[in-house]
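So this one's input-v1.cif, mmCIF, C-alpha atoms:
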data_data
#
loop_
_atom_site.group_PDB
_atom_site.id
_atom_site.type_symbol
_atom_site.label_atom_id
_atom_site.label_comp_id
_atom_site.auth_asym_id
_atom_site.auth_seq_id
_atom_site.Cartn_x
_atom_site.Cartn_y
_atom_site.Cartn_z
ATOM 1 C CA MET F 1 111.592 98.844 97.238
ATOM 2 C CA HIS F 2 109.398 96.247 95.597
ATOM 3 C CA LEU F 3 105.758 97.183 95.274
ATOM 4 C CA SER F 4 104.621 93.582 95.734
ATOM 5 C CA LEU F 5 106.069 93.573 99.261
ATOM 6 C CA ALA F 6 103.703 96.336 100.337
ATOM 7 C CA LEU F 7 100.810 94.700 98.500
ATOM 8 C CA ALA F 8 101.532 91.348 100.152
ATOM 9 C CA VAL F 9 101.506 92.907 103.623
ATOM 10 C CA SER F 10 98.270 94.673 102.756
ATOM 11 C CA ALA F 11 96.592 91.515 101.446
ATOM 12 C CA LEU F 12 97.581 89.474 104.500
ATOM 13 C CA LEU F 13 96.439 92.251 106.826
ATOM 14 C CA PHE F 14 93.069 92.283 105.078
ATOM 15 C CA GLY F 15 92.793 88.503 105.464
ATOM 16 C CA ILE F 16 93.564 88.768 109.169
ATOM 17 C CA GLY F 17 90.890 91.444 109.445
ATOM 18 C CA VAL F 18 88.331 89.222 107.712
ATOM 19 C CA TYR F 19 89.141 86.415 110.142
ATOM 20 C CA GLY F 20 88.782 88.710 113.151
ATOM 21 C CA LEU F 21 85.539 90.168 111.848
ATOM 22 C CA LEU F 22 83.973 86.718 111.538
ATOM 23 C CA ALA F 23 85.535 84.980 114.520
ATOM 24 C CA ARG F 24 85.139 87.556 117.263
ATOM 25 C CA ARG F 25 82.124 87.699 119.536
ATOM 26 C CA ASN F 26 82.786 90.915 121.394
ATOM 27 C CA ALA F 27 81.554 93.901 119.374
ATOM 28 C CA ILE F 28 84.604 95.975 120.357
ATOM 29 C CA ALA F 29 86.916 93.273 118.999
ATOM 30 C CA VAL F 30 84.859 93.211 115.788
ATOM 31 C CA LEU F 31 85.428 96.963 115.439
ATOM 32 C CA MET F 32 89.168 96.381 115.877
ATOM 33 C CA ALA F 33 89.124 93.870 113.025
ATOM 34 C CA VAL F 34 87.324 96.425 110.844
ATOM 35 C CA GLU F 35 90.114 98.882 111.628
ATOM 36 C CA LEU F 36 92.669 96.311 110.463
ATOM 37 C CA MET F 37 90.869 95.999 107.122
ATOM 38 C CA LEU F 38 90.687 99.772 106.680
ATOM 39 C CA ASN F 39 94.405 100.003 107.360
ATOM 40 C CA ALA F 40 95.095 97.344 104.739
ATOM 41 C CA ALA F 41 93.280 99.538 102.212
ATOM 42 C CA ASN F 42 95.282 102.553 103.409
ATOM 43 C CA LEU F 43 98.565 100.745 102.893
ATOM 44 C CA ASP F 44 97.530 99.917 99.335
ATOM 45 C CA LEU F 45 96.607 103.540 98.641
ATOM 46 C CA VAL F 46 99.920 104.854 99.929
ATOM 47 C CA ALA F 47 101.937 102.195 98.107
ATOM 48 C CA PHE F 48 100.283 102.918 94.772
ATOM 49 C CA ASP F 49 100.722 106.643 95.339
ATOM 50 C CA ALA F 50 104.458 106.117 95.767
ATOM 51 C CA TRP F 51 104.578 103.783 92.780
ATOM 52 C CA TRP F 52 102.798 106.142 90.384
ATOM 53 C CA ARG F 53 104.562 109.206 91.803
ATOM 54 C CA ASP F 54 101.226 110.905 91.598
ATOM 55 C CA GLN F 55 101.556 114.658 91.204
ATOM 56 C CA LEU F 56 98.199 115.157 92.928
ATOM 57 C CA HIS F 57 99.126 112.745 95.739
ATOM 58 C CA ALA F 58 95.640 111.333 95.421
ATOM 59 C CA GLY F 59 96.569 108.096 97.194
ATOM 60 C CA GLN F 60 97.839 109.806 100.305
ATOM 61 C CA SER F 61 94.902 112.223 100.313
ATOM 62 C CA PHE F 62 92.469 109.324 100.057
ATOM 63 C CA ALA F 63 94.315 107.602 102.885
ATOM 64 C CA LEU F 64 93.647 110.671 105.014
ATOM 65 C CA PHE F 65 89.969 110.552 104.057
ATOM 66 C CA VAL F 66 89.869 106.881 105.022
ATOM 67 C CA VAL F 67 91.301 107.810 108.418
ATOM 68 C CA VAL F 68 88.590 110.459 108.849
ATOM 69 C CA ILE F 69 85.849 107.998 107.913
ATOM 70 C CA ALA F 70 87.337 105.376 110.235
ATOM 71 C CA ALA F 71 87.219 107.858 113.099
ATOM 72 C CA ALA F 72 83.565 108.647 112.369
ATOM 73 C CA GLU F 73 82.777 104.942 112.037
ATOM 74 C CA VAL F 74 84.391 104.082 115.362
ATOM 75 C CA GLY F 75 82.547 106.918 117.075
ATOM 76 C CA VAL F 76 79.122 105.867 115.820
ATOM 77 C CA GLY F 77 79.957 102.155 116.218
ATOM 78 C CA LEU F 78 80.949 102.560 119.839
ATOM 79 C CA ALA F 79 77.818 104.619 120.495
ATOM 80 C CA ILE F 80 75.712 101.786 119.071
ATOM 81 C CA VAL F 81 77.634 99.217 121.123
ATOM 82 C CA LEU F 82 77.081 101.249 124.287
ATOM 83 C CA ALA F 83 73.371 101.633 123.523
ATOM 84 C CA VAL F 84 73.065 97.871 122.959
ATOM 85 C CA PHE F 85 74.973 97.200 126.151
ATOM 86 C CA ARG F 86 72.643 99.455 128.103
ATOM 87 C CA LEU F 87 69.587 97.654 126.733
ATOM 88 C CA ARG F 88 70.794 94.052 126.716
ATOM 89 C CA GLU F 89 73.707 93.944 129.178
ATOM 90 C CA THR F 90 75.833 92.191 126.572
ATOM 91 C CA VAL F 91 78.068 93.094 123.651
ATOM 92 C CA ALA F 92 78.240 89.573 122.167
ATOM 93 C CA VAL F 93 77.234 89.983 118.571
ATOM 94 C CA ASP F 94 75.963 86.427 118.118
ATOM 95 C CA SER F 95 73.505 86.690 120.984
ATOM 96 C CA LEU F 96 71.680 89.583 119.331
ATOM 97 C CA THR F 97 69.468 87.307 117.246
ATOM 98 C CA GLU F 98 66.141 89.128 117.296
ATOM 99 C CA LEU F 99 66.397 89.988 113.619
ATOM 100 C CA ALA F 100 67.480 86.490 112.582
ATOM 101 C CA ASP F 101 65.084 84.593 110.364
ATOM 102 C CA ARG F 102 65.058 81.321 112.247
ATOM 103 C CA ASP F 103 63.112 79.485 114.897
ATOM 104 C CA PRO F 104 64.317 80.754 118.272
ATOM 105 C CA VAL F 105 63.248 77.569 120.047
ATOM 106 C CA ARG F 106 65.085 75.200 117.741
ATOM 107 C CA ALA F 107 68.131 77.385 117.307
ATOM 108 C CA GLY F 108 68.177 78.133 121.034
ATOM 109 C CA GLY F 109 70.691 75.662 122.460
ATOM 110 C CA ASP F 110 74.160 77.035 122.702
ATOM 111 C CA VAL F 111 73.175 80.609 121.846
ATOM 112 C CA ASP F 112 71.099 80.878 124.994
ATOM 113 C CA ALA F 113 73.820 79.236 127.066
ATOM 114 C CA ALA F 114 76.413 81.630 125.704
ATOM 115 C CA ASP F 115 74.022 84.482 126.341
ATOM 116 C CA GLU F 116 73.764 83.556 129.992
ATOM 117 C CA VAL F 117 77.542 83.390 130.260
ATOM 118 C CA ALA F 118 77.803 86.860 128.765
ATOM 119 C CA VAL F 119 75.145 88.229 131.081
ATOM 120 C CA GLY F 120 76.834 86.660 134.085
ATOM 121 C CA GLN F 121 80.031 88.611 133.388
ATOM 122 C CA MET H 1 138.121 132.562 74.005
ATOM 123 C CA PRO H 2 134.412 132.388 74.879
ATOM 124 C CA PRO H 3 133.413 130.491 77.959
ATOM 125 C CA ALA H 4 132.410 126.910 77.362
ATOM 126 C CA PRO H 5 128.646 126.495 77.120
ATOM 127 C CA ARG H 6 127.012 124.624 79.914
ATOM 128 C CA THR H 7 126.491 121.049 78.832
ATOM 129 C CA THR H 8 124.237 118.471 80.290
ATOM 130 C CA GLY H 9 126.143 115.512 78.900
ATOM 131 C CA ASN H 10 129.442 113.995 79.698
ATOM 132 C CA PRO H 11 131.824 116.766 80.774
ATOM 133 C CA HIS H 12 134.876 114.851 79.571
ATOM 134 C CA ASP H 13 134.164 114.480 75.883
ATOM 135 C CA GLY H 14 131.270 116.872 75.388
ATOM 136 C CA THR H 15 128.883 114.264 74.012
ATOM 137 C CA PRO H 16 125.243 114.584 74.998
ATOM 138 C CA ARG H 17 123.724 112.179 77.405
ATOM 139 C CA ASN H 18 123.040 108.841 75.766
ATOM 140 C CA PRO H 19 119.450 107.972 76.627
ATOM 141 C CA ALA H 20 119.910 104.319 75.758
ATOM 142 C CA ARG H 21 122.767 103.861 78.160
ATOM 143 C CA CYS H 22 121.408 106.009 80.917
ATOM 144 C CA PRO H 23 117.624 106.122 80.895
ATOM 145 C CA PRO H 24 115.889 108.483 83.263
ATOM 146 C CA PRO H 25 115.338 106.866 86.627
ATOM 147 C CA ALA H 26 111.563 106.939 86.336
ATOM 148 C CA THR H 27 111.226 104.493 83.455
ATOM 149 C CA ARG H 28 114.140 102.411 84.586
ATOM 150 C CA ALA H 29 112.704 101.959 88.031
ATOM 151 C CA ARG H 30 109.112 101.462 87.050
ATOM 152 C CA PHE H 31 109.326 99.015 84.211
ATOM 153 C CA ARG H 32 112.313 96.927 85.145
ATOM 154 C CA GLY H 33 112.947 94.738 88.089
ATOM 155 C CA GLY H 34 115.133 97.133 90.023
ATOM 156 C CA PRO H 35 117.801 96.033 92.429
ATOM 157 C CA GLU H 36 117.302 92.884 94.433
ATOM 158 C CA VAL H 37 116.976 93.829 98.071
ATOM 159 C CA THR H 38 117.607 97.346 99.231
ATOM 160 C CA LEU H 39 117.599 98.818 102.688
ATOM 161 C CA ALA H 40 114.041 100.017 102.140
ATOM 162 C CA ASP H 41 112.991 96.441 101.325
ATOM 163 C CA ALA H 42 114.611 95.141 104.480
ATOM 164 C CA VAL H 43 113.102 97.811 106.732
ATOM 165 C CA PHE H 44 109.675 97.445 105.162
ATOM 166 C CA GLY H 45 109.867 93.665 105.492
ATOM 167 C CA LEU H 46 110.714 93.878 109.181
ATOM 168 C CA LEU H 47 107.956 96.404 109.836
ATOM 169 C CA GLY H 48 105.536 94.264 107.842
ATOM 170 C CA VAL H 49 106.377 91.192 109.915
ATOM 171 C CA VAL H 50 105.833 93.178 113.126
ATOM 172 C CA CYS H 51 102.561 94.551 111.767
ATOM 173 C CA LEU H 52 101.222 91.173 110.648
ATOM 174 C CA GLY H 53 102.306 89.415 113.838
ATOM 175 C CA SER H 54 100.648 91.969 116.072
ATOM 176 C CA ALA H 55 97.550 91.912 113.833
ATOM 177 C CA VAL H 56 97.305 88.147 114.348
ATOM 178 C CA LEU H 57 97.564 88.741 118.086
ATOM 179 C CA VAL H 58 94.825 91.391 117.870
ATOM 180 C CA VAL H 59 92.381 88.879 116.447
ATOM 181 C CA THR H 60 93.448 85.878 118.526
ATOM 182 C CA THR H 61 94.210 87.132 122.022
ATOM 183 C CA ARG H 62 91.671 86.321 124.689
ATOM 184 C CA ASN H 63 91.782 89.716 126.334
ATOM 185 C CA VAL H 64 90.080 92.779 124.842
ATOM 186 C CA ILE H 65 92.510 95.186 126.495
ATOM 187 C CA HIS H 66 95.483 93.229 125.201
ATOM 188 C CA ALA H 67 93.925 93.258 121.742
ATOM 189 C CA ALA H 68 93.685 97.065 121.869
ATOM 190 C CA LEU H 69 97.328 97.325 122.971
ATOM 191 C CA TRP H 70 98.468 94.988 120.184
ATOM 192 C CA LEU H 71 96.496 97.218 117.846
ATOM 193 C CA VAL H 72 98.798 100.054 118.941
ATOM 194 C CA VAL H 73 101.838 97.969 117.931
ATOM 195 C CA CYS H 74 100.249 97.113 114.597
ATOM 196 C CA PHE H 75 99.384 100.730 113.779
ATOM 197 C CA GLY H 76 102.834 101.899 114.871
ATOM 198 C CA ALA H 77 104.489 99.435 112.513
ATOM 199 C CA LEU H 78 102.130 100.592 109.757
ATOM 200 C CA ALA H 79 103.174 104.189 110.401
ATOM 201 C CA GLY H 80 106.758 103.046 109.887
ATOM 202 C CA CYS H 81 105.700 101.415 106.620
ATOM 203 C CA TYR H 82 104.189 104.729 105.499
ATOM 204 C CA LEU H 83 107.455 106.474 106.338
ATOM 205 C CA VAL H 84 109.371 103.991 104.165
ATOM 206 C CA LEU H 85 106.879 104.708 101.367
ATOM 207 C CA THR H 86 107.681 108.463 101.737
ATOM 208 C CA ALA H 87 104.197 109.255 103.077
ATOM 209 C CA GLU H 88 105.385 111.324 105.989
ATOM 210 C CA PHE H 89 102.193 113.220 106.754
ATOM 211 C CA VAL H 90 100.042 110.093 106.566
ATOM 212 C CA ALA H 91 102.417 108.400 108.992
ATOM 213 C CA TRP H 92 102.029 111.143 111.578
ATOM 214 C CA VAL H 93 98.281 111.219 111.067
ATOM 215 C CA GLN H 94 98.313 107.464 111.627
ATOM 216 C CA VAL H 95 100.111 107.933 114.933
ATOM 217 C CA LEU H 96 97.983 110.872 116.072
ATOM 218 C CA ILE H 97 94.532 109.741 114.980
ATOM 219 C CA TYR H 98 94.717 105.964 115.060
ATOM 220 C CA ILE H 99 96.957 105.369 118.050
ATOM 221 C CA GLY H 100 96.054 108.566 119.861
ATOM 222 C CA ALA H 101 92.328 108.705 119.296
ATOM 223 C CA ILE H 102 90.805 105.543 117.864
ATOM 224 C CA VAL H 103 92.562 103.007 120.076
ATOM 225 C CA VAL H 104 91.867 105.143 123.133
ATOM 226 C CA LEU H 105 88.217 105.288 122.072
ATOM 227 C CA MET H 106 88.232 101.477 121.795
ATOM 228 C CA LEU H 107 89.693 101.215 125.288
ATOM 229 C CA PHE H 108 86.964 103.536 126.566
ATOM 230 C CA GLY H 109 84.374 101.344 124.901
ATOM 231 C CA ALA H 110 85.888 98.158 126.306
ATOM 232 C CA MET H 111 85.855 99.568 129.809
ATOM 233 C CA LEU H 112 82.389 101.126 129.571
ATOM 234 C CA THR H 113 80.958 97.779 128.482
ATOM 235 C CA ARG H 114 82.666 96.207 131.485
ATOM 236 C CA ALA H 115 84.869 93.935 129.439
ATOM 237 C CA PRO H 116 86.480 91.308 131.635
ATOM 238 C CA ILE H 117 90.005 92.477 132.456
ATOM 239 C CA GLY H 118 91.411 89.009 132.135
ATOM 240 C CA ARG H 119 91.144 86.029 129.902
ATOM 241 C CA ALA H 120 87.630 85.696 128.569
ATOM 242 C CA GLN H 121 86.637 82.433 127.011
ATOM 243 C CA GLU H 122 83.618 83.874 125.253
ATOM 244 C CA LEU H 123 85.572 86.422 123.212
ATOM 245 C CA ASP H 124 85.522 84.139 120.178
ATOM 246 C CA SER H 125 82.351 82.842 118.603
ATOM 247 C CA HIS H 126 81.699 79.271 117.602
ATOM 248 C CA ASN H 127 82.420 79.740 113.923
ATOM 249 C CA ARG H 128 86.175 80.121 114.200
ATOM 250 C CA PRO H 129 87.015 77.406 111.616
ATOM 251 C CA VAL H 130 84.712 78.999 109.041
ATOM 252 C CA ALA H 131 86.175 82.398 109.851
ATOM 253 C CA ALA H 132 89.700 81.052 109.471
ATOM 254 C CA LEU H 133 88.750 79.531 106.129
ATOM 255 C CA ALA H 134 87.206 82.793 104.920
ATOM 256 C CA GLY H 135 90.171 84.827 106.124
ATOM 257 C CA LEU H 136 92.705 82.486 104.546
ATOM 258 C CA ALA H 137 90.754 82.416 101.292
ATOM 259 C CA THR H 138 90.453 86.216 101.125
ATOM 260 C CA GLY H 139 94.052 86.856 102.078
ATOM 261 C CA GLY H 140 95.363 84.096 99.834
ATOM 262 C CA VAL H 141 93.399 85.148 96.764
ATOM 263 C CA LEU H 142 94.372 88.791 97.231
ATOM 264 C CA LEU H 143 98.007 87.852 97.813
ATOM 265 C CA VAL H 144 98.292 85.674 94.725
ATOM 266 C CA LEU H 145 96.411 88.203 92.624
ATOM 267 C CA VAL H 146 98.378 91.325 93.529
ATOM 268 C CA VAL H 147 101.760 89.615 93.573
ATOM 269 C CA ALA H 148 101.115 88.117 90.137
ATOM 270 C CA ALA H 149 99.759 91.403 88.790
ATOM 271 C CA PHE H 150 102.545 93.653 90.083
ATOM 272 C CA LYS H 151 105.502 91.293 89.950
ATOM 273 C CA GLY H 152 108.649 93.315 89.308
ATOM 274 C CA ALA H 153 107.013 96.674 89.934
ATOM 275 C CA TYR H 154 109.468 98.819 91.771
ATOM 276 C CA VAL H 155 108.911 101.886 93.926
ATOM 277 C CA ASP H 156 111.848 104.233 93.605
ATOM 278 C CA VAL H 157 111.660 105.790 97.048
ATOM 279 C CA HIS H 158 114.723 107.944 96.424
ATOM 280 C CA HIS H 159 113.203 109.896 93.556
ATOM 281 C CA THR H 160 109.713 110.363 94.937
ATOM 282 C CA ALA H 161 108.442 113.664 96.256
ATOM 283 C CA VAL H 162 108.186 113.171 100.021
ATOM 284 C CA GLY H 163 104.565 113.542 101.091
ATOM 285 C CA ASP H 164 105.197 116.007 103.888
ATOM 286 C CA GLY H 165 102.726 118.510 105.259
ATOM 287 C CA LYS H 166 103.331 121.096 102.573
ATOM 288 C CA VAL H 167 102.856 118.702 99.660
ATOM 289 C CA ILE H 168 99.783 116.997 101.106
ATOM 290 C CA GLY H 169 98.299 120.302 102.227
ATOM 291 C CA THR H 170 98.716 121.721 98.740
ATOM 292 C CA SER H 171 97.110 118.636 97.249
ATOM 293 C CA LEU H 172 94.231 118.633 99.740
ATOM 294 C CA PHE H 173 93.361 122.303 99.507
ATOM 295 C CA ARG H 174 93.927 122.661 95.794
ATOM 296 C CA PHE H 175 92.444 119.493 94.326
ATOM 297 C CA PHE H 176 90.402 117.842 97.077
ATOM 298 C CA VAL H 177 88.715 120.783 98.769
ATOM 299 C CA LEU H 178 85.180 119.546 98.255
ATOM 300 C CA PRO H 179 85.801 116.044 99.711
ATOM 301 C CA PHE H 180 87.662 117.712 102.561
ATOM 302 C CA GLU H 181 84.678 119.884 103.417
ATOM 303 C CA LEU H 182 82.355 116.903 103.059
ATOM 304 C CA ALA H 183 84.568 115.030 105.531
ATOM 305 C CA SER H 184 84.035 117.800 108.053
ATOM 306 C CA VAL H 185 80.261 117.536 107.583
ATOM 307 C CA LEU H 186 80.535 113.768 107.991
ATOM 308 C CA LEU H 187 82.461 114.158 111.238
ATOM 309 C CA LEU H 188 79.863 116.600 112.541
ATOM 310 C CA ALA H 189 77.055 114.192 111.630
ATOM 311 C CA ALA H 190 78.893 111.332 113.324
ATOM 312 C CA LEU H 191 79.415 113.452 116.433
ATOM 313 C CA VAL H 192 75.735 114.394 116.643
ATOM 314 C CA GLY H 193 74.719 110.800 115.956
ATOM 315 C CA ALA H 194 76.979 109.435 118.684
ATOM 316 C CA VAL H 195 75.611 111.963 121.190
ATOM 317 C CA VAL H 196 72.016 111.125 120.282
ATOM 318 C CA LEU H 197 72.642 107.377 120.468
ATOM 319 C CA THR H 198 74.248 107.474 123.899
ATOM 320 C CA ARG H 199 71.824 109.939 125.500
ATOM 321 C CA ARG H 200 70.385 108.643 128.731
ATOM 322 C CA ASP H 201 66.944 110.273 128.796
ATOM 323 C CA GLY H 202 65.146 107.437 127.077
ATOM 324 C CA GLY H 203 65.654 108.632 123.508
ATOM 325 C CA ARG H 204 62.945 111.273 123.704
#
Give the structure from the file, written as structure tokens.
Amino acid sequence: MHLSLALAVSALLFGIGVYGLLARRNAIAVLMAVELMLNAANLDLVAFDAWWRDQLHAGQSFALFVVVIAAAEVGVGLAIVLAVFRLRETVAVDSLTELADRDPVRAGGDVDAADEVAVGQ
Amino acid sequence: MPPAPRTTGNPHDGTPRNPARCPPPATRARFRGGPEVTLADAVFGLLGVVCLGSAVLVVTTRNVIHAALWLVVCFGALAGCYLVLTAEFVAWVQVLIYIGAIVVLMLFGAMLTRAPIGRAQELDSHNRPVAALAGLATGGVLLVLVVAAFKGAYVDVHHTAVGDGKVIGTSLFRFFVLPFELASVLLLAALVGAVVLTRRDGGR
């Protein structure tokens, strides 16, 4: 099969992941978008492994390592999300603005409104 | 009469194999265009369409639970893609770890954070147009780049060593032992970190 087919699927999957990472508000949905991007990298690794016919099968081995790291990342990420939820009663990533370098009074507006919606859930 | 020696060429006229007329499949497949559309192309294309469509639904649906379930479809189609690319072990690991563990973990997280089991208007942030622009730009640049760079590259899936458990196990435990052990340490650290982060006694 053509290598560029696999690479095209991988590139589009990565683009979809970038969109989800930036557009989502729920931290769990952001983690899902990160998983999509990691899988795009995995597809590239496996496709190049098959293309090179690597005797070491480095691509497939690295894909397995990426899966391991993704599992660790999801575990720690969900722990952080749960800790934030316990403290703030929200998992909306754009309402966690305490570290932002901007005036909270001027920037308040819709962020506070959205925060109240998220708390009301 | 002595027995005829074993020849590797044409059995009819005894001439050796002509390398110009019949190059080994490796060079022929890698450096020339290859056949137009094979069965592997068709299957991979279908699985890719399923994968991309469900990925779009993962990032656009208004329901966190539905997004997790579409993620299952996406990862399942990707496992099929790995099977087409002869990565058998990676495909089963994809099914077991991603679908079996990671998506279930996501569902746990969604339910523990009391995600609304219905349509939620606040699932998307306000910067969707910028995000769409960034996603389109990233995906488009990558697509143009890799398709232009690897145009005509051909994966000969019929002459590739299938990456089954034996092959990948040999590779992992012969050449990648140290990263493998480091991965186990990483998993242990992540486990301890997750337990510490979610402890309920005030983080003493």
Using only C-alpha atoms, which residues of segment 21-72 of chain F come within 12 Å of segment 40-51 of chain H, and what is the closest atom pair for each, with the distance in Å to one decimal? Give it as a Markdown table, sorted by chain and residue number.
| residue | atom | partner | partner_atom | distance |
| --- | --- | --- | --- | --- |
| F:Leu36 | CA | H:Cys51 | CA | 10.1 |
| F:Asn39 | CA | H:Cys51 | CA | 10.8 |
| F:Ala40 | CA | H:Cys51 | CA | 10.6 |
| F:Leu43 | CA | H:Gly48 | CA | 10.7 |
| F:Ala47 | CA | H:Phe44 | CA | 11.5 |
Quick one: residues within 8 Å of Val9 of chain F, all atoms listed in the file counted, chain neighbours fewer than 3 positions away excluded, as number ranges by chain? F: 5-6, 12-13, 40; H: 48, 52
Go ahead and write the residues just picked, C-alpha atoms, as a short mmCIF file (atom, residue, chain, number, x, y, z; two decimals), in the coordinates of the input.
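Saved the output as out_24.cif:
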data_model
loop_
_atom_site.label_atom_id
_atom_site.label_comp_id
_atom_site.auth_asym_id
_atom_site.auth_seq_id
_atom_site.Cartn_x
_atom_site.Cartn_y
_atom_site.Cartn_z
CA LEU F 5 106.07 93.57 99.26
CA ALA F 6 103.70 96.34 100.34
CA LEU F 12 97.58 89.47 104.50
CA LEU F 13 96.44 92.25 106.83
CA ALA F 40 95.10 97.34 104.74
CA GLY H 48 105.54 94.26 107.84
CA LEU H 52 101.22 91.17 110.65
#
Give as a PyMOL selection string the residues that the PyMOL selection byres ((chain F) within 7 of (chain H)) matches when applied to the coordinates above. chain F and resi 1-4+7-9+11-16+18-20+22-26+28-29+33+46-47+50-51+53+56-57+60-61+64+68+71-72+75-76+78-80+82-83+85
Can you spit out the residues from that selection as an mmCIF file, in the frame of the given file, using C-alpha atoms?
data_model
loop_
_atom_site.group_PDB
_atom_site.id
_atom_site.type_symbol
_atom_site.label_atom_id
_atom_site.label_comp_id
_atom_site.auth_asym_id
_atom_site.auth_seq_id
_atom_site.Cartn_x
_atom_site.Cartn_y
_atom_site.Cartn_z
ATOM 1 C CA MET F 1 111.592 98.844 97.238
ATOM 2 C CA HIS F 2 109.398 96.247 95.597
ATOM 3 C CA LEU F 3 105.758 97.183 95.274
ATOM 4 C CA SER F 4 104.621 93.582 95.734
ATOM 5 C CA LEU F 7 100.810 94.700 98.500
ATOM 6 C CA ALA F 8 101.532 91.348 100.152
ATOM 7 C CA VAL F 9 101.506 92.907 103.623
ATOM 8 C CA ALA F 11 96.592 91.515 101.446
ATOM 9 C CA LEU F 12 97.581 89.474 104.500
ATOM 10 C CA LEU F 13 96.439 92.251 106.826
ATOM 11 C CA PHE F 14 93.069 92.283 105.078
ATOM 12 C CA GLY F 15 92.793 88.503 105.464
ATOM 13 C CA ILE F 16 93.564 88.768 109.169
ATOM 14 C CA VAL F 18 88.331 89.222 107.712
ATOM 15 C CA TYR F 19 89.141 86.415 110.142
ATOM 16 C CA GLY F 20 88.782 88.710 113.151
ATOM 17 C CA LEU F 22 83.973 86.718 111.538
ATOM 18 C CA ALA F 23 85.535 84.980 114.520
ATOM 19 C CA ARG F 24 85.139 87.556 117.263
ATOM 20 C CA ARG F 25 82.124 87.699 119.536
ATOM 21 C CA ASN F 26 82.786 90.915 121.394
ATOM 22 C CA ILE F 28 84.604 95.975 120.357
ATOM 23 C CA ALA F 29 86.916 93.273 118.999
ATOM 24 C CA ALA F 33 89.124 93.870 113.025
ATOM 25 C CA VAL F 46 99.920 104.854 99.929
ATOM 26 C CA ALA F 47 101.937 102.195 98.107
ATOM 27 C CA ALA F 50 104.458 106.117 95.767
ATOM 28 C CA TRP F 51 104.578 103.783 92.780
ATOM 29 C CA ARG F 53 104.562 109.206 91.803
ATOM 30 C CA LEU F 56 98.199 115.157 92.928
ATOM 31 C CA HIS F 57 99.126 112.745 95.739
ATOM 32 C CA GLN F 60 97.839 109.806 100.305
ATOM 33 C CA SER F 61 94.902 112.223 100.313
ATOM 34 C CA LEU F 64 93.647 110.671 105.014
ATOM 35 C CA VAL F 68 88.590 110.459 108.849
ATOM 36 C CA ALA F 71 87.219 107.858 113.099
ATOM 37 C CA ALA F 72 83.565 108.647 112.369
ATOM 38 C CA GLY F 75 82.547 106.918 117.075
ATOM 39 C CA VAL F 76 79.122 105.867 115.820
ATOM 40 C CA LEU F 78 80.949 102.560 119.839
ATOM 41 C CA ALA F 79 77.818 104.619 120.495
ATOM 42 C CA ILE F 80 75.712 101.786 119.071
ATOM 43 C CA LEU F 82 77.081 101.249 124.287
ATOM 44 C CA ALA F 83 73.371 101.633 123.523
ATOM 45 C CA PHE F 85 74.973 97.200 126.151
#
Of the residues F:Val67, F:Leu21, F:Ala41, F:Ala27, which is the one nearest to Ser95 of chain F, using only C-alpha atoms? F:Ala27
Report, in Å with one decimal, the straight-line distance from atom CA of Phe48 of chain F to atom CA of Gly80 of chain H.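 The value is 16.4 Å.
Put simply, atom CA of Leu96 of chain H is 15.2 Å away from atom CA of Val74 of chain F.
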What does the structure give for the distance between atom CA of Val177 of chain H and atom CA of Leu83 of chain H, in Å to one decimal?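 About the pair atom CA of Val177 of chain H and atom CA of Leu83 of chain H: they are 24.8 Å apart.
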